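Colleague: Attaching a single structure in structure tokens format; questions to follow.
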Amino acid sequence: MSDISVAILVPCYNEATTVAKVVADFKLALPHATVYVYDNNSKDDTSAIALAAGAVVMHEPLQGKGNVVRRMFSDISADVYVMVDGDDTYDASVAPAMVRRLVEGQLDCINAVRHSTALEAYRQGHEFGNWMLTTIVAKLFGRATRDMLTGYRVFSHKFVKSFPVVSKGFEIETELTVHTLELRMRSEDFDTNYGARPEGSVSKLSTYKDGFKILWMIFKLIKLERPALFFNSFGVVAVLLALALFVPVLRDYLHTGLVPRLPTAILSAFIVMLGILSAVCGLILTSVTQGRREIKQLSFLATPRYHTRPK
């Protein structure tokens with residue numbers, strides 16, 4: 001394990017209260033690793049405190065966790081990456097076991113599944129929201145993890161250097177999960193303790209605003225990765241709506257031989273055309289998506305598992 005280079009990536013925004021402890025805990029747990037703290041326009045002393053604690057401090061001016069992850073994955077090269085939030089809610093002591101499991105199991109991703117007995121660990125609605133969003137993604141794309149929104153993950157070099165980050169904010173967790181599923185990467189869950197934020201530390205996650213952003217990201221990922229499901233669903237709804245409009249017109253025609261609701265008949269025909277067009281778009285985009293997926297798969301296969309081959 002001493003031959004494996006490990007990078008600990010800590011995205012931070014106004015975490016002056018907790019960042020020093022996070023850096024110290026992970027340096028103690030993985031003494032051969034390098035801790036990188038990425039400051040995302042903090043208004044407090046996060047950068048100075050992290051630097052004093054022994055971290056390498058970098059800056060990302062584009063606001064949002066997704067932007068920070070994009071920069072981290074682009075800047076840093078290592079054999080194994082440990083990504084963790086800077087709020088001191090995750091257990092650093094399990095990091096060596098997670099890294100060892102990733103290396104020995106030749107895995108690409110390990111997700112730390114959060115378990116907590118502290119009522120303060122989850123804000124009201126967050127635990128249910130996490131379960132709901134994880135379930136939605138599992139139903140649509142397949143189950144990769146029991147905790148999709150965890151901020152504590154371990155990645156291989158192959159994963160990081162073949163992952164095209166699109167999202168800007170907290171939707172990044174959903175994107176990471178779906179990327180794992182789409183390329184059928186080897187991924188496992190690892191149960192770990194989850195603590196409450198220390199006094200004075202405030203969560204940056206907005207329950208409703210970021211929740212809707214994650215739902216919107218899921219919607220966009222369905223369109224991008226499951227175009228047949230997306231466009232065929234729209235086509236079926238359009239045809240059913242057209243039939244509902246056309247049935248009264250047909251009934252009048254069968255009884256009288258006349259079409260008194262000509263605009264309705266034209267509208268229903270137009271909606272049917274939209275439904276057929278949607279189904280054709282789904283068929284075409286399915287082929288495009290397959291090509292994109294194959295290119296991503298080839299990029300993943302071409303990326304070496306280790307940045308520096310272990311001795």
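Numbering starts fresh at 1 for the residues of each chain in the structure tokens, the chains themselves are lettered A, B, ... in the order given, and ligands are numbered from 1 as they appear.
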Leaving out segment 218-235 of chain A and any residue of its chain fewer than 6 positions from it, which residues lie within 7 Å of it when counting only C-alpha atoms, given as a ChimeraX atom specification?

Modeller: /A:275-276,278-279,281-283,285-286,289

Colleague: Create the file for the chosen residues now, containing N, CA and C atoms and written as an mmCIF file, in the first residue's frame.

Modeller:
data_model
loop_
_atom_site.group_PDB
_atom_site.id
_atom_site.type_symbol
_atom_site.label_atom_id
_atom_site.label_comp_id
_atom_site.auth_asym_id
_atom_site.auth_seq_id
_atom_site.Cartn_x
_atom_site.Cartn_y
_atom_site.Cartn_z
ATOM 1 N N GLY A 275 -46.457 12.787 -31.490
ATOM 2 C CA GLY A 275 -46.107 11.544 -30.803
ATOM 3 C C GLY A 275 -45.226 10.647 -31.652
ATOM 4 N N ILE A 276 -45.572 10.529 -32.938
ATOM 5 C CA ILE A 276 -44.755 9.712 -33.846
ATOM 6 C C ILE A 276 -43.369 10.321 -34.008
ATOM 7 N N SER A 278 -41.789 12.141 -31.865
ATOM 8 C CA SER A 278 -41.055 11.913 -30.615
ATOM 9 C C SER A 278 -40.469 10.505 -30.588
ATOM 10 N N ALA A 279 -41.258 9.511 -31.012
ATOM 11 C CA ALA A 279 -40.765 8.131 -31.034
ATOM 12 C C ALA A 279 -39.593 7.972 -32.000
ATOM 13 N N CYS A 281 -37.486 10.381 -32.841
ATOM 14 C CA CYS A 281 -36.343 11.035 -32.179
ATOM 15 C C CYS A 281 -35.708 10.099 -31.154
ATOM 16 N N GLY A 282 -36.544 9.378 -30.394
ATOM 17 C CA GLY A 282 -36.018 8.425 -29.416
ATOM 18 C C GLY A 282 -35.208 7.337 -30.077
ATOM 19 N N LEU A 283 -35.678 6.857 -31.232
ATOM 20 C CA LEU A 283 -34.964 5.811 -31.956
ATOM 21 C C LEU A 283 -33.602 6.304 -32.440
ATOM 22 N N LEU A 285 -31.850 8.978 -31.312
ATOM 23 C CA LEU A 285 -30.970 9.349 -30.206
ATOM 24 C C LEU A 285 -30.467 8.137 -29.428
ATOM 25 N N THR A 286 -31.198 7.029 -29.473
ATOM 26 C CA THR A 286 -30.703 5.805 -28.851
ATOM 27 C C THR A 286 -29.421 5.352 -29.521
ATOM 28 N N THR A 289 -26.693 7.777 -28.429
ATOM 29 C CA THR A 289 -26.287 7.493 -27.053
ATOM 30 C C THR A 289 -25.401 6.263 -26.981
#

Colleague: Hey, what's within 12 Å of segment 257-270 of chain A if we count only C-alpha atoms and toss same-chain stuff fewer than 6 positions away? As number ranges by chain, please?

Modeller: A: 238-251, 276-277

Colleague: As a PyMOL selection string, please: the residues near segment 76-80 of chain A (cut-off 10 Å, only C-alpha atoms, same-chain neighbours under 5 positions excluded).

Modeller: chain A and resi 3-9+33-34+36+71+99-100+102-103+108-109+154-161+304-310

Colleague: Quick one: pull the distance between atom CA of Val137 of chain A and atom CA of Gly291 of chain A, Å, one decimal.

Modeller: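 Taking atom CA of Val137 of chain A and atom CA of Gly291 of chain A, their separation equals 22.3 Å.
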
Colleague: From the DSSP assignment of the backbone, select every residue of segment 4-232 of chain A that is helix (DSSP H, G or I), and format the answer as a PyMOL selection string.

Modeller: chain A and resi 19-29+46-52+65-75+92-104+126-141+157-161+172-182+207-225+227-232

Colleague: For Ser93 of chain A, which of A:Gly151, A:Gly211, A:Gly169, A:Pro31 is the closest residue, counting only C-alpha atoms?

Modeller: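 The closest residue to Ser93 of chain A is A:Pro31.
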
Colleague: Rounded to one decimal, what separation in Å do you get between atom CA of Ile271 of chain A and atom CA of Ile136 of chain A?

Modeller: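 Atom CA of Ile271 of chain A sits 29.1 Å away from atom CA of Ile136 of chain A.
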
Colleague: Between A:Leu30, A:Ala52, A:Leu183, A:Leu254, which one has atoms that come closest to Ser299 of chain A, using only C-alpha atoms?

Modeller: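 Closest residue, counting only C-alpha atoms: A:Leu183.
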
Colleague: So that I can check the surroundings of Ile172 of chain A, please list as an NGL selection string every protein, DNA and RNA residue that reaches within 12 Å of it, counting only C-alpha atoms and ignoring chain neighbours fewer than 6 positions away.

Modeller: :A and (64-70 or 148-151 or 163-166 or 178-179 or 210 or 213-215 or 217-218 or 221)

Colleague: Pick from A:Asp88, A:Asp25, A:Asp44, A:Asp189: nearest to Ala112 of chain A, with only C-alpha atoms counted?

Modeller: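 Closest to Ala112 of chain A, using only C-alpha atoms: A:Asp189.
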
Colleague: Would you pick out the contacts of Asp191 of chain A at 8 Å or less, using only C-alpha atoms, so that residues sharing its chain but fewer than 3 positions from it are not included, and give the list as a list in words?

Modeller: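 That gives Ala112, Val113, Arg114 and His115 of chain A.
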
Colleague: Output all heavy atoms for every residue in the selection just made, as an mmCIF file, in the first residue's frame.

Modeller:
data_model
loop_
_atom_site.group_PDB
_atom_site.id
_atom_site.type_symbol
_atom_site.label_atom_id
_atom_site.label_comp_id
_atom_site.auth_asym_id
_atom_site.auth_seq_id
_atom_site.Cartn_x
_atom_site.Cartn_y
_atom_site.Cartn_z
ATOM 1 N N ALA A 112 -19.212 5.535 0.553
ATOM 2 C CA ALA A 112 -19.402 5.416 1.998
ATOM 3 C C ALA A 112 -20.887 5.631 2.310
ATOM 4 O O ALA A 112 -21.420 6.724 2.119
ATOM 5 C CB ALA A 112 -18.544 6.442 2.728
ATOM 6 N N VAL A 113 -21.540 4.573 2.759
ATOM 7 C CA VAL A 113 -22.964 4.649 3.102
ATOM 8 C C VAL A 113 -23.085 5.145 4.533
ATOM 9 O O VAL A 113 -22.549 4.541 5.463
ATOM 10 C CB VAL A 113 -23.636 3.275 2.946
ATOM 11 C CG1 VAL A 113 -25.096 3.341 3.380
ATOM 12 C CG2 VAL A 113 -23.527 2.803 1.510
ATOM 13 N N ARG A 114 -23.799 6.247 4.707
ATOM 14 C CA ARG A 114 -23.857 6.909 6.006
ATOM 15 C C ARG A 114 -24.849 6.247 6.953
ATOM 16 O O ARG A 114 -25.978 5.947 6.579
ATOM 17 C CB ARG A 114 -24.240 8.377 5.804
ATOM 18 C CG ARG A 114 -23.223 9.176 5.038
ATOM 19 C CD ARG A 114 -23.756 10.526 4.611
ATOM 20 N NE ARG A 114 -24.757 10.396 3.545
ATOM 21 C CZ ARG A 114 -25.389 11.442 2.986
ATOM 22 N NH1 ARG A 114 -25.137 12.667 3.417
ATOM 23 N NH2 ARG A 114 -26.259 11.245 2.021
ATOM 24 N N HIS A 115 -24.398 6.044 8.195
ATOM 25 C CA HIS A 115 -25.264 5.548 9.266
ATOM 26 C C HIS A 115 -25.034 6.433 10.484
ATOM 27 O O HIS A 115 -23.896 6.673 10.884
ATOM 28 C CB HIS A 115 -24.939 4.096 9.610
ATOM 29 C CG HIS A 115 -25.205 3.142 8.485
ATOM 30 N ND1 HIS A 115 -26.460 2.680 8.177
ATOM 31 C CD2 HIS A 115 -24.361 2.576 7.579
ATOM 32 C CE1 HIS A 115 -26.396 1.869 7.139
ATOM 33 N NE2 HIS A 115 -25.131 1.782 6.755
#

Colleague: Where does DSSP see strand (DSSP E or B) in segment 155-222 of chain A, if you list the residues as a list in words?

Modeller: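 So the strand (DSSP E or B) residues in segment 155-222 of chain A would be Phe155, Ser156, Ser187, Glu188, Asp189, Phe190, Asp191, Thr192, Asn193 and Tyr194 of chain A.
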
Colleague: Mind dumping the selected residues with C-alpha atoms as a short mmCIF file (atom, residue, chain, number, x, y, z; two decimals), in the first residue's frame?

Modeller:
data_model
loop_
_atom_site.label_atom_id
_atom_site.label_comp_id
_atom_site.auth_asym_id
_atom_site.auth_seq_id
_atom_site.Cartn_x
_atom_site.Cartn_y
_atom_site.Cartn_z
CA PHE A 155 -12.12 6.41 -6.79
CA SER A 156 -9.59 4.70 -8.99
CA SER A 187 -18.50 -0.38 -7.37
CA GLU A 188 -19.20 -1.29 -3.75
CA ASP A 189 -20.75 0.26 -0.68
CA PHE A 190 -18.85 0.66 2.58
CA ASP A 191 -20.83 1.33 5.76
CA THR A 192 -19.48 4.15 7.90
CA ASN A 193 -20.51 6.40 10.75
CA TYR A 194 -21.97 9.81 9.97
#

Colleague: Expressed in Å to a single decimal, how great is the separation between atom CA of Gly86 of chain A and atom CA of Val19 of chain A?

Modeller: 5.5 Å
